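One file, run_11.tsv, is given below (TSV, C-alpha atoms).
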chain	number	residue	atom	x	y	z
P	1	MET	CA	149.96	81.52	84.63
P	2	PHE	CA	151.65	80.91	88.00
P	3	SER	CA	151.58	78.58	91.00
P	4	ASN	CA	148.64	79.33	93.28
P	5	GLU	CA	150.44	77.49	96.08
P	6	MET	CA	153.49	79.73	95.79
P	7	TYR	CA	151.27	82.81	95.37
P	8	GLU	CA	149.57	82.06	98.69
P	9	LEU	CA	152.93	81.71	100.45
P	10	GLY	CA	154.13	84.98	98.96
P	11	ALA	CA	150.90	86.90	99.50
P	12	HIS	CA	150.54	85.76	103.10
P	13	SER	CA	153.92	85.93	104.80
P	14	SER	CA	154.54	84.43	108.22
P	15	VAL	CA	152.92	86.19	111.17
P	16	ILE	CA	156.40	86.83	112.56
P	17	ARG	CA	157.48	88.63	109.41
P	18	GLU	CA	154.22	90.60	109.21
P	19	ILE	CA	154.72	91.97	112.72
P	20	PHE	CA	158.39	92.67	112.01
P	21	GLU	CA	157.41	94.73	108.95
P	22	TYR	CA	154.66	96.48	110.95
P	23	ALA	CA	157.30	97.44	113.52
P	24	LYS	CA	159.49	99.06	110.87
P	25	LYS	CA	156.60	101.09	109.49
P	26	ARG	CA	155.41	102.06	112.95
P	27	ALA	CA	158.92	103.22	113.87
P	28	GLU	CA	158.81	105.67	110.96
P	29	ASP	CA	155.68	107.23	112.47
P	30	VAL	CA	156.53	107.44	116.16
P	31	GLY	CA	160.29	106.86	116.33
P	32	ARG	CA	162.19	103.61	116.77
P	33	GLU	CA	162.87	104.39	120.44
P	34	ASN	CA	159.11	104.29	121.12
P	35	ILE	CA	158.51	100.84	119.59
P	36	PHE	CA	159.06	97.73	121.67
P	37	ASP	CA	159.52	95.10	118.97
P	38	PHE	CA	159.73	91.57	120.38
P	39	SER	CA	158.69	89.91	117.13
P	40	ILE	CA	161.71	88.33	115.46
P	41	GLY	CA	164.69	86.23	116.53
P	42	ASN	CA	167.32	88.63	115.24
P	43	PRO	CA	170.36	88.56	117.60
P	44	SER	CA	171.02	91.91	119.23
P	45	VAL	CA	174.58	91.18	120.35
P	46	PRO	CA	177.38	91.63	117.81
P	47	ALA	CA	179.30	88.76	116.31
P	48	PRO	CA	182.48	87.95	118.28
P	49	GLU	CA	185.48	89.96	117.18
P	50	ILE	CA	187.14	86.86	115.75
P	51	VAL	CA	184.52	86.90	112.99
P	52	ASN	CA	185.49	90.35	111.73
P	53	GLU	CA	189.17	89.64	112.26
P	54	THR	CA	188.89	86.45	110.23
P	55	ILE	CA	187.02	88.19	107.41
P	56	LYS	CA	189.70	90.89	107.20
P	57	ARG	CA	192.54	88.37	107.27
P	58	LEU	CA	190.94	86.21	104.60
P	59	VAL	CA	190.25	89.20	102.35
P	60	ASP	CA	193.82	90.41	102.73
P	61	SER	CA	195.57	87.05	102.36
P	62	VAL	CA	193.50	84.76	100.13
P	63	PRO	CA	193.23	85.34	96.37
P	64	SER	CA	189.82	86.76	95.50
P	65	THR	CA	189.09	84.04	92.96
P	66	GLU	CA	189.60	81.41	95.66
P	67	LEU	CA	187.84	83.27	98.46
P	68	HIS	CA	184.76	84.10	96.45
P	69	GLY	CA	184.79	81.21	93.99
P	70	TYR	CA	182.84	77.97	93.99
P	71	THR	CA	183.65	75.34	96.56
P	72	SER	CA	182.63	71.73	96.01
P	73	ALA	CA	178.86	71.40	95.83
P	74	VAL	CA	178.83	69.74	99.27
P	75	GLY	CA	181.17	72.33	100.76
P	76	ASP	CA	184.89	72.88	101.06
P	77	ASN	CA	186.78	69.76	102.18
P	78	SER	CA	188.92	71.60	104.73
P	79	VAL	CA	185.84	73.18	106.29
P	80	ARG	CA	184.05	69.85	106.57
P	81	GLN	CA	187.17	68.23	108.03
P	82	ALA	CA	187.43	71.00	110.63
P	83	LEU	CA	183.78	70.50	111.57
P	84	ALA	CA	184.30	66.77	112.04
P	85	GLU	CA	187.37	67.30	114.21
P	86	TYR	CA	185.69	70.00	116.33
P	87	LEU	CA	182.56	67.94	117.01
P	88	ASN	CA	184.63	64.83	117.74
P	89	ARG	CA	186.66	66.75	120.33
P	90	THR	CA	183.58	68.35	121.86
P	91	TYR	CA	181.14	65.43	121.97
P	92	SER	CA	183.43	62.37	121.76
P	93	THR	CA	181.96	61.38	118.41
P	94	HIS	CA	183.76	59.94	115.37
P	95	PHE	CA	182.43	61.89	112.38
P	96	ARG	CA	184.24	62.22	109.05
P	97	LYS	CA	184.19	65.11	106.61
P	98	GLU	CA	182.11	62.89	104.33
P	99	ASN	CA	179.24	63.17	106.82
P	100	PHE	CA	178.78	66.92	106.26
P	101	TYR	CA	176.93	68.95	103.65
P	102	MET	CA	177.39	72.72	103.97
P	103	THR	CA	174.21	74.79	103.58
P	104	ALA	CA	172.86	78.31	103.42
P	105	GLY	CA	171.59	78.20	107.00
P	106	ALA	CA	169.12	76.03	108.90
P	107	ALA	CA	166.22	76.66	106.49
P	108	ALA	CA	168.26	75.14	103.66
P	109	SER	CA	169.38	72.29	105.93
P	110	LEU	CA	165.82	71.37	106.84
P	111	THR	CA	164.43	71.81	103.33
P	112	ILE	CA	167.16	69.66	101.79
P	113	THR	CA	166.84	66.96	104.46
P	114	LEU	CA	163.07	66.67	104.17
P	115	ASN	CA	163.24	66.47	100.38
P	116	ALA	CA	166.01	63.89	100.60
P	117	LEU	CA	164.00	61.65	102.93
P	118	TYR	CA	160.56	61.96	101.36
P	119	GLU	CA	158.82	58.98	99.79
P	120	GLN	CA	155.19	58.99	98.75
P	121	GLY	CA	152.81	58.73	101.70
P	122	ASP	CA	155.34	59.82	104.32
P	123	GLU	CA	154.36	61.72	107.44
P	124	LEU	CA	156.42	64.07	109.59
P	125	ILE	CA	155.74	64.55	113.30
P	126	VAL	CA	156.33	68.01	114.76
P	127	LEU	CA	156.02	68.81	118.45
P	128	ALA	CA	153.99	71.90	119.26
P	129	PRO	CA	154.90	74.59	119.93
P	130	TYR	CA	157.09	74.50	116.83
P	131	PHE	CA	158.75	76.88	114.37
P	132	PRO	CA	155.97	77.63	111.82
P	133	GLU	CA	158.17	77.14	108.75
P	134	TYR	CA	158.45	73.41	109.53
P	135	ARG	CA	155.02	72.98	108.01
P	136	VAL	CA	155.94	75.00	104.91
P	137	PHE	CA	159.17	73.05	104.36
P	138	ALA	CA	157.58	69.63	104.97
P	139	GLU	CA	154.45	70.12	102.89
P	140	LYS	CA	156.46	71.48	99.96
P	141	ALA	CA	158.59	68.34	100.16
P	142	GLY	CA	155.36	66.31	99.95
P	143	MET	CA	155.05	65.16	103.55
P	144	ARG	CA	151.89	65.17	105.60
P	145	VAL	CA	152.48	67.00	108.89
P	146	LYS	CA	151.14	65.56	112.15
P	147	VAL	CA	151.24	68.01	115.03
P	148	VAL	CA	151.61	66.58	118.54
P	149	PRO	CA	151.01	69.14	121.32
P	150	SER	CA	153.45	69.12	124.22
P	151	ASP	CA	152.45	68.98	127.86
P	152	GLU	CA	150.85	72.34	128.64
P	153	LYS	CA	152.32	72.60	132.14
P	154	THR	CA	155.94	71.86	131.23
P	155	LEU	CA	155.98	72.37	127.42
P	156	LEU	CA	157.98	69.13	127.29
P	157	PRO	CA	157.05	66.26	124.93
P	158	ASP	CA	153.90	64.27	125.65
P	159	PHE	CA	155.29	60.79	125.04
P	160	ALA	CA	151.93	59.04	125.12
P	161	ALA	CA	150.67	61.39	122.41
P	162	ILE	CA	153.83	60.87	120.35
P	163	GLU	CA	153.44	57.10	120.60
P	164	SER	CA	149.85	57.35	119.40
P	165	ALA	CA	150.88	59.57	116.47
P	166	ILE	CA	153.58	57.24	115.11
P	167	ASN	CA	152.35	54.82	112.49
P	168	GLU	CA	153.53	52.93	109.43
P	169	HIS	CA	153.71	56.19	107.45
P	170	THR	CA	155.95	58.06	109.92
P	171	LYS	CA	159.23	58.97	108.25
P	172	ALA	CA	160.67	61.37	110.83
P	173	ILE	CA	160.14	63.54	113.87
P	174	ILE	CA	161.71	66.99	114.30
P	175	VAL	CA	163.03	68.12	117.66
P	176	ASN	CA	164.28	71.63	118.37
P	177	SER	CA	166.20	71.99	121.65
P	178	PRO	CA	166.49	74.68	122.93
P	179	ASN	CA	163.06	75.27	121.51
P	180	ASN	CA	161.70	78.12	119.45
P	181	PRO	CA	159.29	79.49	120.73
P	182	SER	CA	159.38	78.19	124.32
P	183	GLY	CA	163.06	78.11	125.27
P	184	VAL	CA	162.55	74.61	126.70
P	185	VAL	CA	165.57	72.27	126.64
P	186	LEU	CA	165.23	68.49	126.44
P	187	ASP	CA	167.36	67.01	129.22
P	188	GLU	CA	169.05	63.62	129.05
P	189	ASP	CA	166.16	61.72	130.65
P	190	CYS	CA	163.74	63.23	128.18
P	191	VAL	CA	166.03	62.41	125.25
P	192	LYS	CA	166.48	58.82	126.41
P	193	THR	CA	162.72	58.37	126.74
P	194	LEU	CA	162.10	59.75	123.27
P	195	CYS	CA	164.84	57.65	121.68
P	196	ALA	CA	163.65	54.47	123.41
P	197	LEU	CA	160.16	55.16	122.07
P	198	LEU	CA	161.48	55.62	118.54
P	199	GLU	CA	163.50	52.41	118.79
P	200	LYS	CA	160.38	50.57	119.91
P	201	LYS	CA	158.35	51.95	117.02
P	202	GLN	CA	161.07	51.07	114.50
P	203	ARG	CA	160.83	47.45	115.64
P	204	GLU	CA	157.04	47.50	115.71
P	205	PHE	CA	156.69	48.78	112.14
P	206	ASN	CA	159.91	47.22	110.83
P	207	LYS	CA	161.09	50.47	109.32
P	208	ASP	CA	163.53	53.32	109.93
P	209	ILE	CA	162.19	56.41	111.68
P	210	PHE	CA	164.50	59.40	111.57
P	211	LEU	CA	165.09	61.95	114.29
P	212	ILE	CA	165.86	65.35	112.76
P	213	SER	CA	167.61	67.60	115.27
P	214	ASP	CA	167.17	71.27	114.38
P	215	GLU	CA	169.98	73.02	116.25
P	216	PRO	CA	170.29	76.78	115.68
P	217	TYR	CA	170.14	77.44	119.44
P	218	ARG	CA	172.39	74.64	120.74
P	219	GLU	CA	174.87	76.99	122.45
P	220	LEU	CA	172.24	79.38	123.84
P	221	VAL	CA	171.64	77.86	127.28
P	222	TYR	CA	171.78	79.33	130.77
P	223	GLY	CA	173.53	78.29	133.95
P	224	ASP	CA	174.62	74.65	134.04
P	225	VAL	CA	172.02	73.47	131.51
P	226	GLU	CA	173.39	71.02	128.95
P	227	VAL	CA	171.95	70.03	125.58
P	228	PRO	CA	172.49	66.30	124.93
P	229	TYR	CA	174.07	65.51	121.56
P	230	LEU	CA	171.36	63.40	119.98
P	231	THR	CA	173.50	61.32	117.61
P	232	LYS	CA	174.91	59.62	120.72
P	233	TYR	CA	171.46	58.44	121.80
P	234	TYR	CA	169.77	57.39	118.56
P	235	ASN	CA	171.48	56.05	115.45
P	236	ASN	CA	168.97	57.42	112.95
P	237	THR	CA	169.63	61.05	113.90
P	238	ILE	CA	170.29	63.70	111.26
P	239	VAL	CA	171.50	67.10	112.48
P	240	CYS	CA	170.53	70.41	110.86
P	241	TYR	CA	172.73	73.16	112.26
P	242	SER	CA	173.05	76.91	111.76
P	243	PHE	CA	175.67	79.40	112.97
P	244	SER	CA	173.09	82.22	112.80
P	245	LYS	CA	172.38	82.50	116.52
P	246	SER	CA	175.59	81.32	118.20
P	247	LEU	CA	177.79	83.65	116.15
P	248	SER	CA	175.13	86.35	115.56
P	249	LEU	CA	175.25	85.82	111.79
P	250	PRO	CA	171.59	85.38	110.76
P	251	GLY	CA	171.96	87.34	107.53
P	252	GLU	CA	174.95	85.36	106.29
P	253	ARG	CA	173.04	82.07	105.96
P	254	ILE	CA	175.61	79.43	106.85
P	255	GLY	CA	175.09	75.99	108.38
P	256	TYR	CA	175.34	72.30	107.63
P	257	ILE	CA	173.62	68.92	107.49
P	258	LEU	CA	175.25	66.05	109.39
P	259	VAL	CA	174.43	62.48	108.32
P	260	PRO	CA	176.42	60.21	110.67
P	261	ASP	CA	177.63	56.78	109.56
P	262	GLU	CA	175.29	55.20	112.13
P	263	VAL	CA	172.22	56.37	110.18
P	264	ALA	CA	170.61	53.51	108.27
P	265	SER	CA	171.77	53.57	104.62
P	266	SER	CA	173.81	56.64	105.51
P	267	GLY	CA	175.75	56.66	102.25
P	268	GLU	CA	172.59	56.54	100.17
P	269	ILE	CA	170.88	59.16	102.32
P	270	PHE	CA	173.88	61.47	101.97
P	271	LYS	CA	173.67	61.07	98.19
P	272	ALA	CA	169.95	61.88	98.44
P	273	VAL	CA	170.91	65.02	100.40
P	274	CYS	CA	173.29	65.92	97.57
P	275	GLY	CA	170.54	65.28	95.05
P	276	ALA	CA	168.01	67.37	96.95
P	277	GLY	CA	170.54	70.19	97.25
P	278	ARG	CA	171.08	70.01	93.51
P	279	ALA	CA	167.36	69.92	92.66
P	280	LEU	CA	166.58	72.82	94.99
P	281	GLY	CA	169.56	74.91	93.90
P	282	PHE	CA	171.24	74.69	97.30
P	283	VAL	CA	174.76	73.79	96.18
P	284	CYS	CA	177.98	75.50	97.27
P	285	ALA	CA	177.02	77.34	100.44
P	286	PRO	CA	178.45	80.90	100.68
P	287	ALA	CA	182.18	80.32	100.25
P	288	LEU	CA	183.52	83.23	102.31
P	289	PHE	CA	181.47	82.24	105.34
P	290	GLN	CA	182.37	78.59	105.02
P	291	PHE	CA	185.98	79.70	105.55
P	292	VAL	CA	184.98	82.13	108.32
P	293	VAL	CA	183.13	79.58	110.44
P	294	LYS	CA	186.01	77.13	110.00
P	295	GLU	CA	188.17	79.58	111.99
P	296	CYS	CA	185.45	80.31	114.57
P	297	LEU	CA	184.37	76.82	115.64
P	298	GLY	CA	183.66	76.78	119.37
P	299	LYS	CA	183.34	80.55	119.56
P	300	THR	CA	180.12	82.39	120.35
P	301	ALA	CA	178.83	85.90	120.67
P	302	GLU	CA	178.46	87.33	124.20
P	303	LEU	CA	175.39	85.29	125.07
P	304	SER	CA	175.16	86.38	128.74
P	305	VAL	CA	173.11	89.40	127.63
P	306	TYR	CA	170.24	87.08	126.79
P	307	GLU	CA	170.26	85.60	130.29
P	308	THR	CA	170.09	89.11	131.75
P	309	ASN	CA	167.16	89.90	129.46
P	310	ARG	CA	165.40	86.66	130.33
P	311	ASP	CA	165.63	87.23	134.07
P	312	LEU	CA	164.44	90.82	133.75
P	313	LEU	CA	161.43	89.86	131.66
P	314	VAL	CA	160.45	86.72	133.57
P	315	ASN	CA	160.61	88.50	136.91
P	316	THR	CA	158.57	91.43	135.58
P	317	VAL	CA	155.79	89.58	133.78
P	318	THR	CA	155.25	87.07	136.59
P	319	ARG	CA	155.14	89.90	139.15
P	320	LEU	CA	152.50	91.60	137.03
P	321	GLY	CA	150.34	88.46	136.95
P	322	PHE	CA	151.23	86.86	133.62
P	323	THR	CA	152.13	83.18	133.37
P	324	CYS	CA	155.11	81.76	131.50
P	325	ALA	CA	157.57	78.89	131.54
P	326	LYS	CA	161.05	80.08	132.47
P	327	PRO	CA	163.21	79.31	129.42
P	328	ASP	CA	166.45	77.40	129.89
P	329	GLY	CA	167.76	78.34	126.46
P	330	ALA	CA	167.27	80.24	123.19
P	331	PHE	CA	165.98	83.82	123.56
P	332	TYR	CA	162.20	83.52	123.60
P	333	LEU	CA	159.61	83.84	126.34
P	334	PHE	CA	156.42	81.85	125.77
P	335	MET	CA	153.80	83.69	127.80
P	336	LYS	CA	150.21	82.59	128.29
P	337	SER	CA	147.70	85.04	126.90
P	338	PRO	CA	145.36	86.39	129.60
P	339	GLU	CA	142.51	86.06	127.10
P	340	LYS	CA	141.65	83.04	124.99
P	341	ASP	CA	142.34	84.78	121.70
P	342	ALA	CA	146.10	85.41	121.66
P	343	ALA	CA	145.83	87.49	118.48
P	344	ALA	CA	143.36	89.82	120.20
P	345	PHE	CA	145.75	90.13	123.14
P	346	CYS	CA	148.56	91.06	120.74
P	347	GLU	CA	146.35	93.70	119.16
P	348	ARG	CA	145.65	95.16	122.58
P	349	ALA	CA	149.37	95.16	123.37
P	350	LYS	CA	149.92	97.33	120.29
P	351	LYS	CA	148.15	100.16	122.14
P	352	TYR	CA	151.31	100.36	124.22
P	353	GLU	CA	153.63	99.72	121.24
P	354	LEU	CA	154.38	96.22	122.54
P	355	LEU	CA	154.76	93.82	119.63
P	356	PHE	CA	154.38	90.10	120.38
P	357	VAL	CA	153.69	87.10	118.12
P	358	PRO	CA	150.47	85.13	118.76
P	359	SER	CA	151.09	81.41	119.13
P	360	ASP	CA	148.47	79.99	116.75
P	361	SER	CA	151.01	79.56	113.94
P	362	PHE	CA	153.25	77.70	116.40
P	363	GLY	CA	150.52	75.07	116.71
P	364	PHE	CA	149.84	75.92	120.37
P	365	PRO	CA	147.02	78.48	120.72
P	366	GLY	CA	146.59	80.76	123.71
P	367	TYR	CA	150.16	82.00	124.10
P	368	VAL	CA	152.42	84.73	122.73
P	369	ARG	CA	156.09	84.57	121.84
P	370	ILE	CA	158.29	87.39	123.12
P	371	ALA	CA	161.72	87.47	121.45
P	372	TYR	CA	164.05	89.03	124.01
P	373	CYS	CA	167.12	89.10	121.75
P	374	VAL	CA	166.94	92.88	122.00
P	375	SER	CA	168.94	95.40	123.99
P	376	THR	CA	168.51	95.31	127.76
P	377	GLU	CA	167.95	99.05	127.61
P	378	MET	CA	164.94	98.55	125.33
P	379	ILE	CA	163.44	96.02	127.72
P	380	LYS	CA	163.83	98.48	130.60
P	381	ARG	CA	162.09	101.17	128.56
P	382	ALA	CA	159.29	98.71	127.77
P	383	LEU	CA	158.54	97.76	131.38
P	384	PRO	CA	156.04	100.62	131.98
P	385	ALA	CA	154.16	99.47	128.88
P	386	PHE	CA	153.99	95.92	130.29
P	387	GLU	CA	152.55	97.38	133.51
P	388	LYS	CA	149.87	99.32	131.62
P	389	LEU	CA	148.94	96.21	129.63
P	390	ALA	CA	148.74	94.08	132.77
P	391	LYS	CA	146.32	96.53	134.42
P	392	GLU	CA	143.82	95.79	131.68
P	393	TYR	CA	143.66	92.16	132.82
P	394	PHE	CA	144.64	91.83	136.49

Give the structure from this file in structure tokens form.
Amino acid sequence: MFSNEMYELGAHSSVIREIFEYAKKRAEDVGRENIFDFSIGNPSVPAPEIVNETIKRLVDSVPSTELHGYTSAVGDNSVRQALAEYLNRTYSTHFRKENFYMTAGAAASLTITLNALYEQGDELIVLAPYFPEYRVFAEKAGMRVKVVPSDEKTLLPDFAAIESAINEHTKAIIVNSPNNPSGVVLDEDCVKTLCALLEKKQREFNKDIFLISDEPYRELVYGDVEVPYLTKYYNNTIVCYSFSKSLSLPGERIGYILVPDEVASSGEIFKAVCGAGRALGFVCAPALFQFVVKECLGKTAELSVYETNRDLLVNTVTRLGFTCAKPDGAFYLFMKSPEKDAAAFCERAKKYELLFVPSDSFGFPGYVRIAYCVSTEMIKRALPAFEKLAKEYF
């Protein structure tokens, strides 16, 4: 009568979404101001004013049939050309508009890419902790997922473990830097080590191994931290990008896939991307927001708020006795659970209306993710609750 596989996905939503929905219901009972919801990565800072200004100008000046009509299936040519020129200026690359496929956000980018690459028997390596939907996207595409835990002290890749995991069935590895859920950023040395390993394994197995760079948090870094542009370090890199976090536009679903010319069989892979987009129904990304992001390239929301929130939280939780890695990017704090069962710890935190996400679904048990993309004022109100929770353990 229906797909049991799809029923299970629909009947059992992600843990993140379950807690997010719990928070909304709980707010109805006790008031939103009394709930400290750190569950979901929904930006709390508004989009930069240029976004609204651009929307108004486009609505007032562009014929409705053009503004809201179909673009080419791969995206508007002028938008893709602007993307190529912006990235070439910023990263000293040499992309062409033909390298870009516009998408409805990073989820579409990843889903299309995995379906485009998949051949029977392929495996995908993901580095834990990882965004839980990677598994959903990959397994639906047909890939077997191999999880490789990162180093527990640094949350950086364990290269020996990665080398052991790569075999003749490995099609790709996903990296997410800055990382969700840890906030860890791969520096240049780390990137070079990873890319050298992949080059070695390509020679060993005489096959192409793709590096998929999932980049919704690229611009969200603190201080002088830099995020290396991976296409410059490894030819077989495919970029999946979203404007959701940098421009505070998560609900508008706009992003792209970048298949550089240096990728092996790049022309054929780009056609496979087009075919996967067609088969999955992901053609013609939202037209209005294609034109909006074209005018906003290089702009970001006021991201300094997240650094303020990070420092406030890190200083507080470590003072109270909790352990965490200080994030260099994104807007998540990955805190070690003071008891082995992170889900039980999250349930106990609910006594104080603190809502965290247990890390089991991130492939790295024993931690909780705290999304601090909330107002600084809310974090300040939550600090007494953190103190009460800490007294139960320390």

ask   = So, counting only C-alpha atoms, which residue among P:Val357, P:Ala371, P:Ile112, P:Ala160 is closest to Val15 in chain P?
value =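 Among the listed residues, the smallest separation from Val15 in chain P belongs to P:Val357.
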
I want to know what sits within 8 Å of range 212-225 of chain P, based on all atoms listed in the file, with residues of the same chain fewer than 5 positions away left out; could you give that as a tab-separated table (two decimals) with C-alpha atoms, keeping the file's coordinate frame?
chain	number	residue	atom	x	y	z
P	106	ALA	CA	169.12	76.03	108.90
P	110	LEU	CA	165.82	71.37	106.84
P	172	ALA	CA	160.67	61.37	110.83
P	173	ILE	CA	160.14	63.54	113.87
P	174	ILE	CA	161.71	66.99	114.30
P	175	VAL	CA	163.03	68.12	117.66
P	176	ASN	CA	164.28	71.63	118.37
P	177	SER	CA	166.20	71.99	121.65
P	178	PRO	CA	166.49	74.68	122.93
P	179	ASN	CA	163.06	75.27	121.51
P	230	LEU	CA	171.36	63.40	119.98
P	237	THR	CA	169.63	61.05	113.90
P	238	ILE	CA	170.29	63.70	111.26
P	239	VAL	CA	171.50	67.10	112.48
P	240	CYS	CA	170.53	70.41	110.86
P	241	TYR	CA	172.73	73.16	112.26
P	242	SER	CA	173.05	76.91	111.76
P	243	PHE	CA	175.67	79.40	112.97
P	244	SER	CA	173.09	82.22	112.80
P	245	LYS	CA	172.38	82.50	116.52
P	246	SER	CA	175.59	81.32	118.20
P	300	THR	CA	180.12	82.39	120.35
P	303	LEU	CA	175.39	85.29	125.07
P	307	GLU	CA	170.26	85.60	130.29
P	328	ASP	CA	166.45	77.40	129.89
P	329	GLY	CA	167.76	78.34	126.46
P	330	ALA	CA	167.27	80.24	123.19
P	331	PHE	CA	165.98	83.82	123.56

query = For Ser78 in chain P, which residue out of P:Lys326, P:Asn42, P:Lys97, P:Tyr234 is the nearest one, using all atoms listed in the file?
reply =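 So, comparing all the options, the nearest one is P:Lys97.
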
key: Residue among P:Lys340, P:Lys171, P:Lys351, P:Lys192 lying closest to Phe364 in chain P, counting all atoms listed in the file   = P:Lys340

Can you write out as CSV which residues of range 1-58 of chain P fall within 12 Å of range 66-72 of chain P, alongside each residue's closest atom pair and its distance in Å to one decimal, counting all atoms listed in the file and ordering rows by chain and ascending residue number?
residue,atom,partner,partner_atom,distance
P:Ile55,CA,P:Leu67,CA,10.2
P:Lys56,CA,P:Leu67,CA,11.7
P:Arg57,CA,P:Leu67,CA,11.2
P:Leu58,CA,P:Leu67,CA,7.5

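Proximity to Ala73 in chain P at 9 Å, evaluated using all atoms listed in the file and with sequence-adjacent residues fewer than 5 positions away removed, yields P:Tyr101, P:Met102, P:Cys274, P:Gly277, P:Arg278, P:Phe282, P:Val283, P:Cys284, P:Ala285.
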
Within 7 Å of Val147 in chain P using all atoms listed in the file, minus same-chain residues under 6 positions, as a PDB file with C-alpha atoms, keeping the file's coordinate frame:
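Wrote it out as selection34.pdb, contents follow:
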ATOM      1  CA  ILE P 125     155.740  64.550 113.300  1.00  0.00           C
ATOM      2  CA  VAL P 126     156.330  68.010 114.760  1.00  0.00           C
ATOM      3  CA  LEU P 127     156.020  68.810 118.450  1.00  0.00           C
ATOM      4  CA  ALA P 128     153.990  71.900 119.260  1.00  0.00           C
TER       5      ALA P 128
END

query = How many Å lie between CA of Val191 in chain P and CA of Lys153 in chain P, rounded to one decimal?
reply =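 Distance reported for this atom pair: 18.4 Å.
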
query = Smallest atom-to-atom distance to Gly281 in chain P: which of P:Asp122, P:Gly41, P:Thr111, P:Thr323, using only C-alpha atoms?
reply =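 Among the listed residues, P:Thr111 lies closest to Gly281 in chain P.
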
task = Choose the residue, out of P:Lys294, P:Asp189, P:Tyr332, P:Arg369, that has the smallest atom-to-atom separation from Asp311 in chain P; count all atoms listed in the file.
result =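 Smallest separation from Asp311 in chain P among the options: P:Tyr332.
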
P:Leu114, P:Met378, P:Val74, P:Val45 ranked by distance to Lys140 in chain P, top pick (using all atoms listed in the file) =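 Comparing P:Leu114, P:Met378, P:Val74, P:Val45 against Lys140 in chain P, the winner is P:Leu114.
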
Around all the atoms of range 147-151 of chain P listed in the file, with 6 Å of room on each side, what axis-aligned box do you get, giving centre and edge lengths in Å to one decimal, as AutoDock Vina command-line options?
--center_x 152.2 --center_y 67.9 --center_z 121.4 --size_x 14.4 --size_y 14.6 --size_z 24.8

Polymer residues at most 10 Å from (154.5, 57.4, 113.9) by all atoms listed in the file, as a PDB file with C-alpha atoms, in the frame of the given file:
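File selection.pdb, as written:
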ATOM      1  CA  ASP P 122     155.340  59.820 104.320  1.00  0.00           C
ATOM      2  CA  GLU P 123     154.360  61.720 107.440  1.00  0.00           C
ATOM      3  CA  LEU P 124     156.420  64.070 109.590  1.00  0.00           C
ATOM      4  CA  ILE P 125     155.740  64.550 113.300  1.00  0.00           C
ATOM      5  CA  LYS P 146     151.140  65.560 112.150  1.00  0.00           C
ATOM      6  CA  ILE P 162     153.830  60.870 120.350  1.00  0.00           C
ATOM      7  CA  GLU P 163     153.440  57.100 120.600  1.00  0.00           C
ATOM      8  CA  SER P 164     149.850  57.350 119.400  1.00  0.00           C
ATOM      9  CA  ALA P 165     150.880  59.570 116.470  1.00  0.00           C
ATOM     10  CA  ILE P 166     153.580  57.240 115.110  1.00  0.00           C
ATOM     11  CA  ASN P 167     152.350  54.820 112.490  1.00  0.00           C
ATOM     12  CA  GLU P 168     153.530  52.930 109.430  1.00  0.00           C
ATOM     13  CA  HIS P 169     153.710  56.190 107.450  1.00  0.00           C
ATOM     14  CA  THR P 170     155.950  58.060 109.920  1.00  0.00           C
ATOM     15  CA  LYS P 171     159.230  58.970 108.250  1.00  0.00           C
ATOM     16  CA  ALA P 172     160.670  61.370 110.830  1.00  0.00           C
ATOM     17  CA  ILE P 173     160.140  63.540 113.870  1.00  0.00           C
ATOM     18  CA  LEU P 198     161.480  55.620 118.540  1.00  0.00           C
ATOM     19  CA  LYS P 201     158.350  51.950 117.020  1.00  0.00           C
ATOM     20  CA  GLN P 202     161.070  51.070 114.500  1.00  0.00           C
ATOM     21  CA  PHE P 205     156.690  48.780 112.140  1.00  0.00           C
ATOM     22  CA  ILE P 209     162.190  56.410 111.680  1.00  0.00           C
TER      23      ILE P 209
END

task = One decimal, Å: what's the distance from CA of Asn315 in chain P over to CA of Leu333 in chain P, could you say?
result =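 Value for the CA of Asn315 in chain P-CA of Leu333 in chain P distance: 11.6 Å.
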
ask   = In Å to one decimal, how far is CA of Tyr372 in chain P from CA of Lys350 in chain P?
value =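 Spanning CA of Lys350 in chain P to CA of Tyr372 in chain P is a straight-line distance of 16.8 Å.
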